[in-house]
Structure formats: structure tokens, C-alpha cells
>>> print(open('query.cif').read())   # mmCIF, C-alpha atoms
data_structure
#
loop_
_atom_site.label_atom_id
_atom_site.label_comp_id
_atom_site.auth_asym_id
_atom_site.auth_seq_id
_atom_site.Cartn_x
_atom_site.Cartn_y
_atom_site.Cartn_z
CA MET A 268 -22.78 25.59 -27.50
CA ASP A 269 -21.01 23.23 -29.87
CA LEU A 270 -21.91 22.94 -33.55
CA ILE A 271 -20.98 20.55 -36.35
CA GLU A 272 -19.99 21.94 -39.74
CA LEU A 273 -20.76 19.06 -42.07
CA GLY A 274 -18.90 19.41 -45.35
CA VAL A 275 -19.82 18.32 -48.86
CA PRO A 276 -16.70 17.22 -50.78
CA PHE A 277 -15.96 19.10 -53.99
CA SER A 278 -13.35 18.50 -56.70
CA ASP A 279 -12.04 22.09 -56.69
CA PRO A 280 -12.12 23.33 -53.07
CA VAL A 281 -10.38 26.62 -53.76
CA ALA A 282 -10.92 28.06 -50.26
CA ASP A 283 -9.36 25.05 -48.54
CA GLY A 284 -5.78 24.11 -47.81
CA PRO A 285 -4.06 20.80 -48.56
CA VAL A 286 -5.42 18.85 -45.58
CA ILE A 287 -9.07 19.39 -46.50
CA GLN A 288 -8.27 19.12 -50.22
CA ARG A 289 -6.94 15.61 -49.60
CA ALA A 290 -9.99 14.79 -47.50
CA SER A 291 -12.27 15.92 -50.34
CA GLU A 292 -10.36 13.71 -52.77
CA ARG A 293 -10.69 10.70 -50.47
CA ALA A 294 -14.39 11.33 -49.95
CA LEU A 295 -15.11 11.70 -53.67
CA LYS A 296 -13.15 8.53 -54.49
CA ALA A 297 -15.25 6.74 -51.87
CA GLY A 298 -18.44 7.89 -53.63
CA THR A 299 -19.59 10.59 -51.23
CA THR A 300 -22.32 12.84 -52.65
CA LEU A 301 -24.47 15.70 -51.41
CA ARG A 302 -27.32 13.25 -50.92
CA GLY A 303 -25.00 11.02 -48.91
CA VAL A 304 -23.99 13.93 -46.67
CA LEU A 305 -27.67 14.72 -46.07
CA GLU A 306 -28.13 11.12 -44.97
CA VAL A 307 -25.21 11.49 -42.55
CA ALA A 308 -26.93 14.54 -41.08
CA GLU A 309 -30.08 12.52 -40.57
CA GLN A 310 -28.10 9.83 -38.76
CA ILE A 311 -26.52 12.45 -36.49
CA ARG A 312 -29.91 13.97 -35.76
CA GLY A 313 -31.21 10.55 -34.76
CA ARG A 314 -28.62 10.47 -31.95
CA SER A 315 -28.08 14.12 -31.02
CA GLN A 316 -29.69 17.55 -31.09
CA ILE A 317 -26.37 19.32 -31.72
CA PRO A 318 -26.82 22.08 -34.36
CA ILE A 319 -25.64 21.10 -37.85
CA LEU A 320 -24.41 23.59 -40.46
CA LEU A 321 -24.14 22.18 -43.98
CA PHE A 322 -21.00 23.47 -45.69
CA SER A 323 -20.68 23.25 -49.47
CA TYR A 324 -19.33 24.87 -52.56
CA LEU A 325 -21.94 26.23 -54.93
CA ASN A 326 -21.61 23.75 -57.80
CA PRO A 327 -22.98 20.63 -56.04
CA VAL A 328 -25.91 22.69 -54.73
CA LEU A 329 -26.72 24.14 -58.14
CA ARG A 330 -26.87 20.64 -59.55
CA PHE A 331 -29.06 19.51 -56.66
CA GLY A 332 -31.27 22.62 -56.71
CA PHE A 333 -31.77 25.29 -54.04
CA ALA A 334 -35.41 24.44 -53.35
CA ARG A 335 -34.72 20.73 -53.19
CA LEU A 336 -31.76 21.25 -50.89
CA ALA A 337 -33.78 23.44 -48.53
CA GLU A 338 -36.57 20.87 -48.28
CA GLU A 339 -34.21 17.89 -47.85
CA ALA A 340 -31.95 19.68 -45.37
CA ALA A 341 -34.86 20.77 -43.18
CA LYS A 342 -36.40 17.31 -43.29
CA ARG A 343 -33.14 15.68 -42.19
CA GLY A 344 -32.53 18.02 -39.26
CA ILE A 345 -29.97 20.45 -40.65
CA ASP A 346 -30.16 23.92 -39.09
CA GLY A 347 -28.43 26.07 -41.69
CA CYS A 348 -26.21 26.26 -44.75
CA LEU A 349 -22.96 27.95 -45.74
CA LEU A 350 -22.05 28.11 -49.44
CA THR A 351 -18.48 29.29 -49.40
CA ASP A 352 -18.28 30.57 -52.99
CA LEU A 353 -21.77 32.03 -53.35
CA SER A 354 -21.41 35.78 -53.86
CA VAL A 355 -23.43 37.59 -51.24
CA GLU A 356 -24.37 40.14 -53.90
CA GLU A 357 -26.30 37.38 -55.68
CA ALA A 358 -27.70 35.61 -52.62
CA GLU A 359 -31.18 37.09 -52.22
CA ASP A 360 -33.13 34.26 -53.88
CA TYR A 361 -31.07 31.58 -52.14
CA VAL A 362 -31.58 33.20 -48.73
CA ALA A 363 -35.34 33.48 -49.31
CA THR A 364 -35.53 29.82 -50.35
CA MET A 365 -33.65 28.66 -47.26
CA ALA A 366 -35.70 30.88 -44.96
CA ARG A 367 -38.97 29.41 -46.24
CA CYS A 368 -37.81 26.07 -44.86
CA GLY A 369 -36.62 27.54 -41.57
CA LEU A 370 -32.92 27.25 -42.38
CA ASP A 371 -30.30 29.77 -41.31
CA THR A 372 -27.83 31.14 -43.85
CA VAL A 373 -24.23 31.90 -42.96
CA PHE A 374 -21.87 34.03 -45.05
CA LEU A 375 -18.15 34.73 -44.91
CA ALA A 376 -16.57 38.09 -44.14
CA ALA A 377 -12.84 38.58 -44.73
CA PRO A 378 -10.25 41.22 -43.85
CA THR A 379 -10.40 42.35 -47.49
CA SER A 380 -14.21 42.74 -47.54
CA THR A 381 -15.47 46.20 -48.41
CA ASP A 382 -17.87 48.04 -46.12
CA ARG A 383 -20.68 47.41 -48.62
CA ARG A 384 -19.98 43.69 -48.64
CA LEU A 385 -19.97 43.57 -44.85
CA GLN A 386 -23.37 45.26 -44.85
CA LEU A 387 -24.70 42.60 -47.25
CA VAL A 388 -23.17 39.78 -45.21
CA SER A 389 -24.87 41.21 -42.14
CA ARG A 390 -28.21 41.52 -43.95
CA TYR A 391 -28.27 38.01 -45.41
CA SER A 392 -26.70 36.06 -42.54
CA SER A 393 -28.76 34.54 -39.79
CA GLY A 394 -27.56 32.38 -36.94
CA PHE A 395 -24.05 33.85 -37.03
CA ILE A 396 -21.43 35.41 -39.31
CA TYR A 397 -18.30 33.47 -40.21
CA LEU A 398 -15.23 35.73 -40.05
CA VAL A 399 -12.17 34.66 -42.04
CA SER A 400 -9.20 35.52 -39.86
CA ARG A 401 -6.76 35.89 -42.75
CA THR A 402 -6.55 36.01 -46.51
CA GLY A 403 -5.73 32.72 -48.21
CA VAL A 404 -7.02 29.21 -47.60
CA THR A 405 -7.98 27.12 -44.60
CA GLY A 406 -5.23 25.32 -42.72
CA GLU A 407 -3.26 25.20 -39.51
CA ARG A 408 -1.12 28.22 -38.58
CA ASP A 409 1.32 29.11 -35.81
CA ARG A 410 -0.63 32.15 -34.62
CA LEU A 411 -3.74 34.21 -35.27
CA SER A 412 -3.66 36.84 -37.95
CA GLU A 413 -3.33 40.44 -36.78
CA ALA A 414 -6.10 41.35 -39.24
CA ALA A 415 -8.64 39.37 -37.21
CA ARG A 416 -9.14 41.98 -34.48
CA THR A 417 -9.77 44.78 -36.98
CA LEU A 418 -12.28 42.64 -38.88
CA VAL A 419 -14.15 41.81 -35.67
CA GLU A 420 -14.38 45.49 -34.79
CA ARG A 421 -15.71 46.39 -38.24
CA VAL A 422 -18.40 43.73 -38.15
CA ARG A 423 -19.37 44.35 -34.51
CA ALA A 424 -20.14 47.93 -35.50
CA ILE A 425 -22.91 46.87 -37.91
CA THR A 426 -24.53 43.75 -36.46
CA SER A 427 -25.61 42.11 -33.22
CA LEU A 428 -25.35 38.60 -34.70
CA PRO A 429 -22.91 36.19 -33.05
CA LEU A 430 -19.49 36.15 -34.72
CA ALA A 431 -17.40 33.03 -35.35
CA LEU A 432 -13.73 33.18 -36.33
CA GLY A 433 -12.08 30.56 -38.51
CA PHE A 434 -9.18 29.86 -40.91
CA GLY A 435 -5.90 29.03 -39.19
CA ILE A 436 -7.26 28.19 -35.74
CA SER A 437 -5.75 24.86 -34.74
CA LYS A 438 -4.45 25.03 -31.15
CA PRO A 439 -5.94 25.61 -27.70
CA GLU A 440 -3.96 28.84 -27.41
CA HIS A 441 -5.54 30.08 -30.66
CA VAL A 442 -8.97 29.30 -29.23
CA ALA A 443 -8.16 31.10 -26.00
CA GLU A 444 -7.08 34.24 -27.88
CA ALA A 445 -9.92 34.17 -30.41
CA GLY A 446 -12.44 33.56 -27.65
CA THR A 447 -11.71 37.00 -26.23
CA LEU A 448 -12.76 38.56 -29.54
CA VAL A 449 -15.69 36.52 -30.85
CA ASP A 450 -18.55 34.29 -29.75
CA ALA A 451 -17.33 31.08 -31.42
CA VAL A 452 -14.30 29.58 -33.13
CA VAL A 453 -14.18 27.28 -36.15
CA VAL A 454 -11.63 24.46 -36.27
CA GLY A 455 -11.53 22.24 -39.34
CA SER A 456 -8.12 21.26 -40.72
CA ALA A 457 -6.72 20.23 -37.35
CA PHE A 458 -9.55 17.71 -36.88
CA VAL A 459 -9.26 16.47 -40.44
CA ARG A 460 -5.51 15.96 -39.99
CA ILE A 461 -6.17 13.72 -36.97
CA ILE A 462 -8.64 11.71 -39.05
CA GLU A 463 -6.05 11.41 -41.83
CA GLN A 464 -3.37 10.24 -39.42
CA LYS A 465 -5.49 7.92 -37.27
CA ALA A 466 -7.97 6.54 -39.81
CA GLY A 467 -8.49 2.81 -39.43
CA THR A 468 -6.92 2.70 -35.96
CA THR A 469 -8.47 2.19 -32.55
CA GLU A 470 -7.05 5.56 -31.49
CA LEU A 471 -9.19 7.70 -33.82
CA GLU A 472 -12.24 8.36 -31.67
CA GLU A 473 -10.23 8.90 -28.50
CA SER A 474 -7.85 11.30 -30.29
CA LEU A 475 -10.70 13.36 -31.71
CA GLU A 476 -12.52 13.50 -28.38
CA LYS A 477 -9.35 14.51 -26.51
CA PHE A 478 -8.56 17.29 -28.99
CA ALA A 479 -12.13 18.61 -28.95
CA ARG A 480 -12.05 18.71 -25.15
CA GLN A 481 -8.75 20.62 -25.15
CA LEU A 482 -10.17 23.22 -27.51
CA SER A 483 -13.41 23.55 -25.56
CA GLN A 484 -11.61 23.98 -22.26
CA ALA A 485 -9.50 26.77 -23.76
CA LEU A 486 -12.55 28.92 -24.50
CA PRO A 487 -12.96 31.82 -22.05
CA ARG A 488 -15.93 31.23 -19.77
CA ARG A 489 -18.63 33.86 -20.04
CA SER A 490 -20.90 34.71 -17.12
#
>>> encode(input="query.cif", output="C-alpha cells")
Amino acid sequence: MDLIELGVPFSDPVADGPVIQRASERALKAGTTLRGVLEVAEQIRGRSQIPILLFSYLNPVLRFGFARLAEEAAKRGIDGCLLTDLSVEEAEDYVATMARCGLDTVFLAAPTSTDRRLQLVSRYSSGFIYLVSRTGVTGERDRLSEAARTLVERVRAITSLPLALGFGISKPEHVAEAGTLVDAVVVGSAFVRIIEQKAGTTELEESLEKFARQLSQALPRRS
């Protein structure tokens, strides 16, 4: 199943590499807000039932309010939320607020995560767990990190939730390799780079669709 991770631009996207940083700058200059992103989700939901995960840094959500976000997100057809810089140790109230509105919560687990943190990520995540394949920021890489396999094994040992692997996945061969380890892969910067390069041209939609198809076809087929 495909899923859209719909991002809220933020002025200090510390977990993101230069491609998404530039995209955030463009979006903010164009006046994009959290409310505007919620409206985009509603437009998507009017045309498709594809699952939507709202991705944001904590600051815009704090200003908006957890309870208000949960109500608005559920009303507009969003399925879950990922707050990249919300500490899982302080997530209990947020998770309860989201759950009351039927929203999944997704948390990040990294190769540097302690066993205790992985236990908390497993407890507070629903839907799936987002595994960070490497330390550092998002962005395209030549190959998958060797730390990814060890992280998958550690998390598999404590949860039955689906696992998604992201950070540095940008090519069909990455997807093919990651697909043998996890249930889903996350590709962001490679799509955003195409948008940056093709924006305003007639080639944009076709280029995005072609790339998405190449990635999807690279996924190992499960019986």
C-alpha cells in the first residue's frame, strides 16, 4: 500500500538535508502554513483514499495546539501524525490526544537509540514505526547504511508493528534492498529534488509518476 507523507514547512528543519531545507524555505516564502497543509490534505481526501501521514516539527504544532490539530486532522481525512522532534519520553499526552480522534502516531527509531527508547517508540507508535537508516539528516545517498539491518533486528525483537525505513533511500536499488528488511520504504528528498528541477514545466507530473513507478516496481513482491 502506498502512503503520502505530507510535510509542514518549518524554518529550522534540523533533521532534513539541503534539498528539503530549500523546499521548506520556498514553501514558507509562498505563505504555506499548518492550516494550509491541512487544507491540502482535505483536497487529497476528496479525490483519493490513500493514507495520509502529517509530518511536522513540534513548534508549528505547539502554536496550533495538540487538541485542535487532532480534531482538524481527523476532520480533513488525515490518518496519523509524525512529529520529528517530539521526544518520545514526553509523548504520552500527545499520543492520548491523537488517539481520542482516531489518529495514529508514528515515532522515529535510529541506530543510536537506546533499548529503553526503542521500547517507548514501540509503545507509543501505532500504524508503523519509522526507522532512520543512518545518523545525520535526510537526503540522497549512494547506498544503504550498514547500521540499518542491525536496527531492524533490534526493533523486530520487541514489536509486531510494520517497520518503514527512511533517510538516504533514493534509488530503485535502495528500495529493492530495503524491501527485504522492512515492510515499507520512505523516499522524500529524491521526489523533492525532481519538483525543484522540474517546477513550472510540463514534465513535472510525468517525471514524478515515472519515478514513483520505478520505486514501486523495485519493491520485493510478498505472497
>>> atom_distance(input="query.cif", atom1="atom CA of A:Asp269", atom2="atom CA of A:Arg343")
18.9 Å
>>> resolve_selection(input="query.cif", expression="the PyMOL selection byres ((chain A and resi 458-469) around 9)", output="list of chain:residue names")
A:Val286, A:Ile287, A:Arg289, A:Ala290, A:Ser437, A:Val454, A:Gly455, A:Ser456, A:Ala457, A:Glu470, A:Leu471, A:Glu472, A:Glu473, A:Ser474, A:Leu475, A:Phe478, A:Ala479
>>> resolve_selection(input="query.cif", expression="the PyMOL selection byres ((chain A and resi 449) around 8)", output="list in words")
Val419, Pro429, Leu430, Ala431, Leu432, Ala445, Gly446, Thr447, Leu448, Asp450, Ala451 and Val452 of chain A
>>> resolve_selection(input="query.cif", expression="the PyMOL selection byres ((chain A and resi 308) around 8)", output="PyMOL selection string")
chain A and resi 273+304-307+309-312+319+343-345
>>> closest_residue(input="query.cif", among="A:Glu440, A:Arg293, A:Ser400, A:Phe374", to="A:Glu357", atoms="only C-alpha atoms")
A:Phe374
>>> closest_residue(input="query.cif", among="A:Leu329, A:Leu336, A:Ala341, A:Leu486", to="A:Leu353", atoms="only C-alpha atoms")
A:Leu329
>>> residues_around(input="query.cif", residues="stretch 294-296 of chain A", least_positions_apart="3", cutoff="9 Å", atoms="all atoms listed in the file", output="PDB file with C-alpha atoms, in the frame of the given file")
ATOM      1  CA  VAL A 275     -19.820  18.320 -48.860  1.00  0.00           C
ATOM      2  CA  PRO A 276     -16.700  17.220 -50.780  1.00  0.00           C
ATOM      3  CA  PHE A 277     -15.960  19.100 -53.990  1.00  0.00           C
ATOM      4  CA  SER A 278     -13.350  18.500 -56.700  1.00  0.00           C
ATOM      5  CA  ARG A 289      -6.940  15.610 -49.600  1.00  0.00           C
ATOM      6  CA  ALA A 290      -9.990  14.790 -47.500  1.00  0.00           C
ATOM      7  CA  SER A 291     -12.270  15.920 -50.340  1.00  0.00           C
ATOM      8  CA  THR A 299     -19.590  10.590 -51.230  1.00  0.00           C
ATOM      9  CA  THR A 300     -22.320  12.840 -52.650  1.00  0.00           C
TER      10      THR A 300
END
>>> residues_around(input="query.cif", residues="A:Leu375", least_positions_apart="3", cutoff="8 Å", atoms="all atoms listed in the file", output="PDB file with C-alpha atoms, keeping the file's coordinate frame")
ATOM      1  CA  THR A 351     -18.480  29.290 -49.400  1.00  0.00           C
ATOM      2  CA  VAL A 388     -23.170  39.780 -45.210  1.00  0.00           C
ATOM      3  CA  ILE A 396     -21.430  35.410 -39.310  1.00  0.00           C
ATOM      4  CA  TYR A 397     -18.300  33.470 -40.210  1.00  0.00           C
ATOM      5  CA  LEU A 398     -15.230  35.730 -40.050  1.00  0.00           C
ATOM      6  CA  VAL A 399     -12.170  34.660 -42.040  1.00  0.00           C
TER       7      VAL A 399
END
>>> atom_distance(input="query.cif", atom1="atom CA of A:Thr426", atom2="atom CA of A:Thr379")
18.0 Å
>>> closest_residue(input="query.cif", among="A:Tyr361, A:Phe333, A:Phe434, A:Tyr391", to="A:Ala377", atoms="all atoms listed in the file")
A:Phe434
>>> closest_residue(input="query.cif", among="A:Ala415, A:Val355, A:Ala282, A:Ala297", to="A:Phe322", atoms="only C-alpha atoms")
A:Ala282
>>> closest_residue(input="query.cif", among="A:Leu385, A:Val373, A:Ile425, A:Ile436", to="A:Asp346", atoms="all atoms listed in the file")
A:Val373
>>> closest_residue(input="query.cif", among="A:Glu420, A:Ser354, A:Gln484, A:Glu413", to="A:Leu387", atoms="only C-alpha atoms")
A:Ser354
>>> residues_around(input="query.cif", residues="A:Leu320", least_positions_apart="5", cutoff="6 Å", atoms="only C-alpha atoms", output="ChimeraX atom specification")
/A:272,346-348
>>> atom_distance(input="query.cif", atom1="atom CA of A:Asp371", atom2="atom CA of A:Arg421")
22.3 Å
>>> axis_aligned_box(input="query.cif", around="stretch 435-438 of chain A", padding_each_side="8 Å", output="AutoDock Vina command-line options")
--center_x -5.9 --center_y 26.9 --center_z -35.2 --size_x 18.8 --size_y 20.2 --size_z 24.0
>>> residues_around(input="query.cif", residues="A:Pro439", least_positions_apart="2", cutoff="8 Å", atoms="only C-alpha atoms", output="PyMOL selection string")
chain A and resi 437+441-443+481-482+485
>>> write_last_selection(input="query.cif", atoms="C-alpha atoms", output="mmCIF file, in the frame of the given file")
data_model
loop_
_atom_site.group_PDB
_atom_site.id
_atom_site.type_symbol
_atom_site.label_atom_id
_atom_site.label_comp_id
_atom_site.auth_asym_id
_atom_site.auth_seq_id
_atom_site.Cartn_x
_atom_site.Cartn_y
_atom_site.Cartn_z
ATOM 1 C CA SER A 437 -5.750 24.860 -34.740
ATOM 2 C CA HIS A 441 -5.540 30.080 -30.660
ATOM 3 C CA VAL A 442 -8.970 29.300 -29.230
ATOM 4 C CA ALA A 443 -8.160 31.100 -26.000
ATOM 5 C CA GLN A 481 -8.750 20.620 -25.150
ATOM 6 C CA LEU A 482 -10.170 23.220 -27.510
ATOM 7 C CA ALA A 485 -9.500 26.770 -23.760
#
